[in-house]
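Novice: Let me give you the structure first, and then I'll get to my questions.
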Number of protein chains: 2
Amino acid sequence: MNVLKVAPEALEGLLKEVRYDDKGLVLALACDHATGEILMAAWMNAESLSQTLITGEMTYWSRSRKELWVKGLTSGHTQSVVGVEIDCDGDALRFRVIQKGHAACHTNRRSCFYRSLQGGLWTVIDEPVRSGH
Amino acid sequence: MNVLKVAPEALEGLLKEVRYDDKGLVLALACDHATGEILMAAWMNAESLSQTLITGEMTYWSRSRKELWVKGLTSGHTQSVVGVEIDCDGDALRFRVIQKGHAACHTNRRSCFYRSLQGGLWTVIDEPVRSGH
């Protein structure tokens with residue numbers, strides 16, 4: 001499956017449909033390319049979105065560290081983009097990604113959404129994978 | 001498939017894991033219960049989240065109208081909850097829903113993510129359904 005990389009000259013036209021919030025951020029949802037399952041929800045500013053589209057590798061804006069965050073740069077759990085959709089009002093992007101190294105979540109789980117409401121409680125439904133899995 | 005409704009006495013324990021943003025909102029992602037496809041991204045405050053969990057019907061907070069928004073109350077395109085997950089840092093919720101009347105999007109499309117990046121352009125990949133479809 002081909003990684004989706006945008007030509008630099010196409011960027012301006014694509015970005016003008018994006019509606020950033022009052023902090024200059026747009027919601028970025030990473031979904032498994034094969035199943036559609038949502039893996040994580042994070043944020044991008046114009047710079048990280050541009051870098052994501054040009055390189056084809058998910059690059060977020062870390063709100064806590066206030067810096068560009070190439071997903072998986074240290075863990076190896078990178079996310080390659082194979083498709084992107086923008087929502088009706090332009091404030092959310094859905095990225096279809098190939099998740100390398102299994103874990104999208106910093107807890108070493110496949111998805112950040114690993115606590116499910118069961119019996120009136122948040123219940124852990126997925127365990128961390130071991131390194132090298 | 002059973003609609004998921006939470007007993008009022010379970011609410012407090014569930015809500016204390018939610019991390020609202022500086023506007024008192026948490027991200028609410030509605031996904032098709034069968035396919036996992038994300039249909040829309042919107043927001044809930046504590047009141048709309050409580051109402052969603054108690055009634056089993058998706059109830060958002062409208063940031064533009066500044067009011068509770070029972071999804072589909074006027075259009076009939078309601079969303080019944082069959083499952084909920086909370087993410088690792090508690091600022092996003094994934095709801096698995098049964099979408100009534102086909103359309104989650106106000107443009108009368110199944111999903112709000114109907115523009116896909118193709119050939120360097122946002123390209124419409126889904127057409128509105130007719131009323132009554």
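Letters A, B, ... go to the chains of the structure tokens in the order shown; residues in each chain start at 1; ligands are counted from 1 in the same order.
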List every residue of chain B that has an atom at most 9 Å from any atom of chain A, giving for each one its closest atom pair and the distance in Å to one decimal, counting only C-alpha atoms, sorted by chain and then by ascending residue number, as JSON lines.

Specialist:
```
{"residue": "B:Val6", "atom": "CA", "partner": "A:Gly120", "partner_atom": "CA", "distance": 6.3}
{"residue": "B:Ala7", "atom": "CA", "partner": "A:Gly120", "partner_atom": "CA", "distance": 7.3}
{"residue": "B:Glu9", "atom": "CA", "partner": "A:Gly120", "partner_atom": "CA", "distance": 8.9}
{"residue": "B:Ala10", "atom": "CA", "partner": "A:Gly120", "partner_atom": "CA", "distance": 5.5}
{"residue": "B:Leu11", "atom": "CA", "partner": "A:Gly120", "partner_atom": "CA", "distance": 7.9}
{"residue": "B:Gly13", "atom": "CA", "partner": "A:Leu121", "partner_atom": "CA", "distance": 7.4}
{"residue": "B:Leu14", "atom": "CA", "partner": "A:Leu121", "partner_atom": "CA", "distance": 6.4}
{"residue": "B:Glu17", "atom": "CA", "partner": "A:Trp122", "partner_atom": "CA", "distance": 8.6}
{"residue": "B:Leu27", "atom": "CA", "partner": "A:Ala41", "partner_atom": "CA", "distance": 8.9}
{"residue": "B:Cys31", "atom": "CA", "partner": "A:Ile38", "partner_atom": "CA", "distance": 8.7}
{"residue": "B:Thr35", "atom": "CA", "partner": "A:Gly36", "partner_atom": "CA", "distance": 7.4}
{"residue": "B:Gly36", "atom": "CA", "partner": "A:Glu37", "partner_atom": "CA", "distance": 5.3}
{"residue": "B:Glu37", "atom": "CA", "partner": "A:Gly36", "partner_atom": "CA", "distance": 5.3}
{"residue": "B:Ile38", "atom": "CA", "partner": "A:Ile38", "partner_atom": "CA", "distance": 7.4}
{"residue": "B:Met40", "atom": "CA", "partner": "A:Asp87", "partner_atom": "CA", "distance": 7.8}
{"residue": "B:Ala41", "atom": "CA", "partner": "A:Ala92", "partner_atom": "CA", "distance": 7.2}
{"residue": "B:Gly83", "atom": "CA", "partner": "A:Leu117", "partner_atom": "CA", "distance": 6.9}
{"residue": "B:Val84", "atom": "CA", "partner": "A:Leu117", "partner_atom": "CA", "distance": 5.6}
{"residue": "B:Glu85", "atom": "CA", "partner": "A:Ser116", "partner_atom": "CA", "distance": 4.3}
{"residue": "B:Ile86", "atom": "CA", "partner": "A:Phe113", "partner_atom": "CA", "distance": 5.4}
{"residue": "B:Asp87", "atom": "CA", "partner": "A:Phe113", "partner_atom": "CA", "distance": 4.2}
{"residue": "B:Cys88", "atom": "CA", "partner": "A:Cys112", "partner_atom": "CA", "distance": 5.2}
{"residue": "B:Asp89", "atom": "CA", "partner": "A:Cys112", "partner_atom": "CA", "distance": 8.3}
{"residue": "B:Ala92", "atom": "CA", "partner": "A:Ala41", "partner_atom": "CA", "distance": 7.2}
{"residue": "B:Leu93", "atom": "CA", "partner": "A:Phe113", "partner_atom": "CA", "distance": 7.8}
{"residue": "B:Arg94", "atom": "CA", "partner": "A:Phe113", "partner_atom": "CA", "distance": 7.2}
{"residue": "B:Cys105", "atom": "CA", "partner": "A:Cys88", "partner_atom": "CA", "distance": 7.6}
{"residue": "B:His106", "atom": "CA", "partner": "A:Cys88", "partner_atom": "CA", "distance": 8.4}
{"residue": "B:Thr107", "atom": "CA", "partner": "A:Cys88", "partner_atom": "CA", "distance": 7.8}
{"residue": "B:Ser111", "atom": "CA", "partner": "A:Asp87", "partner_atom": "CA", "distance": 8.3}
{"residue": "B:Cys112", "atom": "CA", "partner": "A:Asp87", "partner_atom": "CA", "distance": 4.9}
{"residue": "B:Phe113", "atom": "CA", "partner": "A:Asp87", "partner_atom": "CA", "distance": 4.2}
{"residue": "B:Tyr114", "atom": "CA", "partner": "A:Asp87", "partner_atom": "CA", "distance": 6.6}
{"residue": "B:Arg115", "atom": "CA", "partner": "A:Glu85", "partner_atom": "CA", "distance": 5.4}
{"residue": "B:Ser116", "atom": "CA", "partner": "A:Glu85", "partner_atom": "CA", "distance": 4.3}
{"residue": "B:Leu117", "atom": "CA", "partner": "A:Val84", "partner_atom": "CA", "distance": 5.6}
{"residue": "B:Gln118", "atom": "CA", "partner": "A:Gly83", "partner_atom": "CA", "distance": 8.5}
{"residue": "B:Gly119", "atom": "CA", "partner": "A:Val6", "partner_atom": "CA", "distance": 8.4}
{"residue": "B:Gly120", "atom": "CA", "partner": "A:Ala10", "partner_atom": "CA", "distance": 5.5}
{"residue": "B:Leu121", "atom": "CA", "partner": "A:Leu14", "partner_atom": "CA", "distance": 6.4}
{"residue": "B:Trp122", "atom": "CA", "partner": "A:Leu14", "partner_atom": "CA", "distance": 6.8}
{"residue": "B:Thr123", "atom": "CA", "partner": "A:Glu85", "partner_atom": "CA", "distance": 8.9}
```

Novice: Take the residues that were just selected and, keeping C-alpha atoms, output them as a compact mmCIF listing (two decimals), in the first residue's frame.

Specialist:
```txt
# COMPACT_ATOMS: atom_id res chain seq x y z
CA VAL B 6 -25.82 3.75 32.77
CA ALA B 7 -27.46 3.66 36.19
CA GLU B 9 -25.42 5.91 40.73
CA ALA B 10 -22.59 4.83 38.40
CA LEU B 11 -22.24 8.27 36.83
CA GLY B 13 -17.34 7.16 39.18
CA LEU B 14 -17.33 7.24 35.38
CA GLU B 17 -11.94 9.80 34.79
CA LEU B 27 -14.09 15.16 22.60
CA CYS B 31 -18.29 5.43 15.34
CA THR B 35 -17.73 -1.29 11.06
CA GLY B 36 -15.89 0.99 13.50
CA GLU B 37 -15.94 3.76 10.86
CA ILE B 38 -15.85 7.19 12.43
CA MET B 40 -18.51 12.44 13.31
CA ALA B 41 -16.41 14.31 15.86
CA GLY B 83 -20.52 0.93 23.67
CA VAL B 84 -18.17 3.57 25.02
CA GLU B 85 -14.40 3.74 25.43
CA ILE B 86 -12.30 6.44 27.10
CA ASP B 87 -8.76 7.15 25.91
CA CYS B 88 -5.52 6.95 27.89
CA ASP B 89 -5.51 10.57 29.03
CA ALA B 92 -11.55 11.74 24.30
CA LEU B 93 -14.45 9.32 24.27
CA ARG B 94 -15.25 6.83 21.54
CA CYS B 105 -23.67 14.52 8.92
CA HIS B 106 -25.83 17.63 8.67
CA THR B 107 -25.18 17.52 4.89
CA SER B 111 -20.23 10.45 7.68
CA CYS B 112 -18.89 13.98 8.11
CA PHE B 113 -15.59 12.79 6.62
CA TYR B 114 -16.79 12.80 3.01
CA ARG B 115 -13.93 14.76 1.42
CA SER B 116 -10.84 12.68 0.71
CA LEU B 117 -7.41 13.79 -0.42
CA GLN B 118 -7.06 12.54 -3.99
CA GLY B 119 -4.68 13.89 -6.62
CA GLY B 120 -3.70 16.78 -4.38
CA LEU B 121 -7.30 17.95 -3.90
CA TRP B 122 -10.11 17.42 -1.40
CA THR B 123 -12.49 15.26 -3.40
```

Novice: For Lys100 in chain B, list every protein, DNA or RNA residue within 7 Å, evaluated using only C-alpha atoms, and leave out those in the same chain fewer than 6 positions away; present the list as a compact mmCIF listing (two decimals) with N, CA and C atoms, in the first residue's frame.

Specialist:
```txt
# COMPACT_ATOMS: atom_id res chain seq x y z
N HIS B 77 -32.39 11.54 12.80
CA HIS B 77 -31.16 10.77 12.64
C HIS B 77 -30.44 10.63 13.98
N THR B 78 -31.08 9.93 14.88
CA THR B 78 -30.53 9.75 16.22
C THR B 78 -29.41 8.72 16.22
N GLN B 79 -28.65 8.73 17.31
CA GLN B 79 -27.54 7.79 17.48
C GLN B 79 -27.70 7.12 18.84
```

Novice: Pick out the residues sitting within 7 Å of Leu68 in chain A, and hand them over as a ChimeraX atom specification; count only C-alpha atoms, and ignore anything fewer than 5 positions along from it in its own chain.

Specialist: /A:48,59-62

Novice: Once you have the residues from the selection above, write them out as a short mmCIF file (atom, residue, chain, number, x, y, z; two decimals), in the first residue's frame, restricted to C-alpha atoms.

Specialist:
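To be explicit, this is the file written out as selection22.cif:
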```
data_model
loop_
_atom_site.label_atom_id
_atom_site.label_comp_id
_atom_site.auth_asym_id
_atom_site.auth_seq_id
_atom_site.Cartn_x
_atom_site.Cartn_y
_atom_site.Cartn_z
CA SER A 48 2.79 19.70 11.74
CA THR A 59 3.50 14.45 12.84
CA TYR A 60 1.45 15.95 15.65
CA TRP A 61 1.69 19.07 17.74
CA SER A 62 2.39 18.18 21.35
#
```

Novice: Based on the backbone DSSP call, show me all residues of chain B assigned strand (DSSP E), as an NGL selection string.

Specialist: :B and (26-32 or 38-44 or 59-62 or 67-70 or 79-86 or 92-99 or 115-118 or 121-124)

Novice: Those residues you just picked out, can you put them in a file as a JSON list (two decimals), in the first residue's frame with C-alpha atoms?

Specialist:
```json
[["chain", "number", "residue", "atom", "x", "y", "z"],
["B", 26, "VAL", "CA", -14.45, 16.49, 26.14],
["B", 27, "LEU", "CA", -14.09, 15.16, 22.60],
["B", 28, "ALA", "CA", -16.85, 12.76, 21.57],
["B", 29, "LEU", "CA", -16.24, 10.51, 18.57],
["B", 30, "ALA", "CA", -19.21, 8.64, 17.14],
["B", 31, "CYS", "CA", -18.29, 5.43, 15.34],
["B", 32, "ASP", "CA", -20.48, 2.96, 13.52],
["B", 38, "ILE", "CA", -15.85, 7.19, 12.43],
["B", 39, "LEU", "CA", -19.01, 9.10, 11.58],
["B", 40, "MET", "CA", -18.51, 12.44, 13.31],
["B", 41, "ALA", "CA", -16.41, 14.31, 15.86],
["B", 42, "ALA", "CA", -18.13, 16.67, 18.29],
["B", 43, "TRP", "CA", -18.02, 17.79, 21.90],
["B", 44, "MET", "CA", -19.74, 17.10, 25.21],
["B", 59, "THR", "CA", -26.34, 14.23, 23.27],
["B", 60, "TYR", "CA", -23.64, 16.74, 22.38],
["B", 61, "TRP", "CA", -22.85, 20.26, 23.45],
["B", 62, "SER", "CA", -23.30, 22.65, 20.55],
["B", 67, "GLU", "CA", -26.87, 24.44, 24.22],
["B", 68, "LEU", "CA", -27.45, 20.72, 24.68],
["B", 69, "TRP", "CA", -27.97, 19.04, 21.35],
["B", 70, "VAL", "CA", -29.77, 15.70, 21.31],
["B", 79, "GLN", "CA", -27.54, 7.79, 17.48],
["B", 80, "SER", "CA", -28.09, 5.05, 20.06],
["B", 81, "VAL", "CA", -25.07, 4.10, 22.15],
["B", 82, "VAL", "CA", -24.05, 0.44, 22.30],
["B", 83, "GLY", "CA", -20.52, 0.93, 23.67],
["B", 84, "VAL", "CA", -18.17, 3.57, 25.02],
["B", 85, "GLU", "CA", -14.40, 3.74, 25.43],
["B", 86, "ILE", "CA", -12.30, 6.44, 27.10],
["B", 92, "ALA", "CA", -11.55, 11.74, 24.30],
["B", 93, "LEU", "CA", -14.45, 9.32, 24.27],
["B", 94, "ARG", "CA", -15.25, 6.83, 21.54],
["B", 95, "PHE", "CA", -18.93, 5.96, 21.27],
["B", 96, "ARG", "CA", -20.03, 2.97, 19.23],
["B", 97, "VAL", "CA", -23.46, 3.90, 17.93],
["B", 98, "ILE", "CA", -26.37, 2.67, 15.89],
["B", 99, "GLN", "CA", -26.99, 5.52, 13.44],
["B", 115, "ARG", "CA", -13.93, 14.76, 1.42],
["B", 116, "SER", "CA", -10.84, 12.68, 0.71],
["B", 117, "LEU", "CA", -7.41, 13.79, -0.42],
["B", 118, "GLN", "CA", -7.06, 12.54, -3.99],
["B", 121, "LEU", "CA", -7.30, 17.95, -3.90],
["B", 122, "TRP", "CA", -10.11, 17.42, -1.40],
["B", 123, "THR", "CA", -12.49, 15.26, -3.40],
["B", 124, "VAL", "CA", -16.09, 14.48, -2.45]]
```

Novice: Apply DSSP to the structure's backbone, then extract all residues of chain A labelled helix (DSSP H, G or I) and return them as a list in words.

Specialist: Pro8, Glu9, Ala10, Leu11, Glu12, Gly13, Leu14, Leu15, Ala46, Glu47, Ser48, Leu49, Ser50, Gln51, Thr52, Leu53, Ile54 and Thr55 of chain A
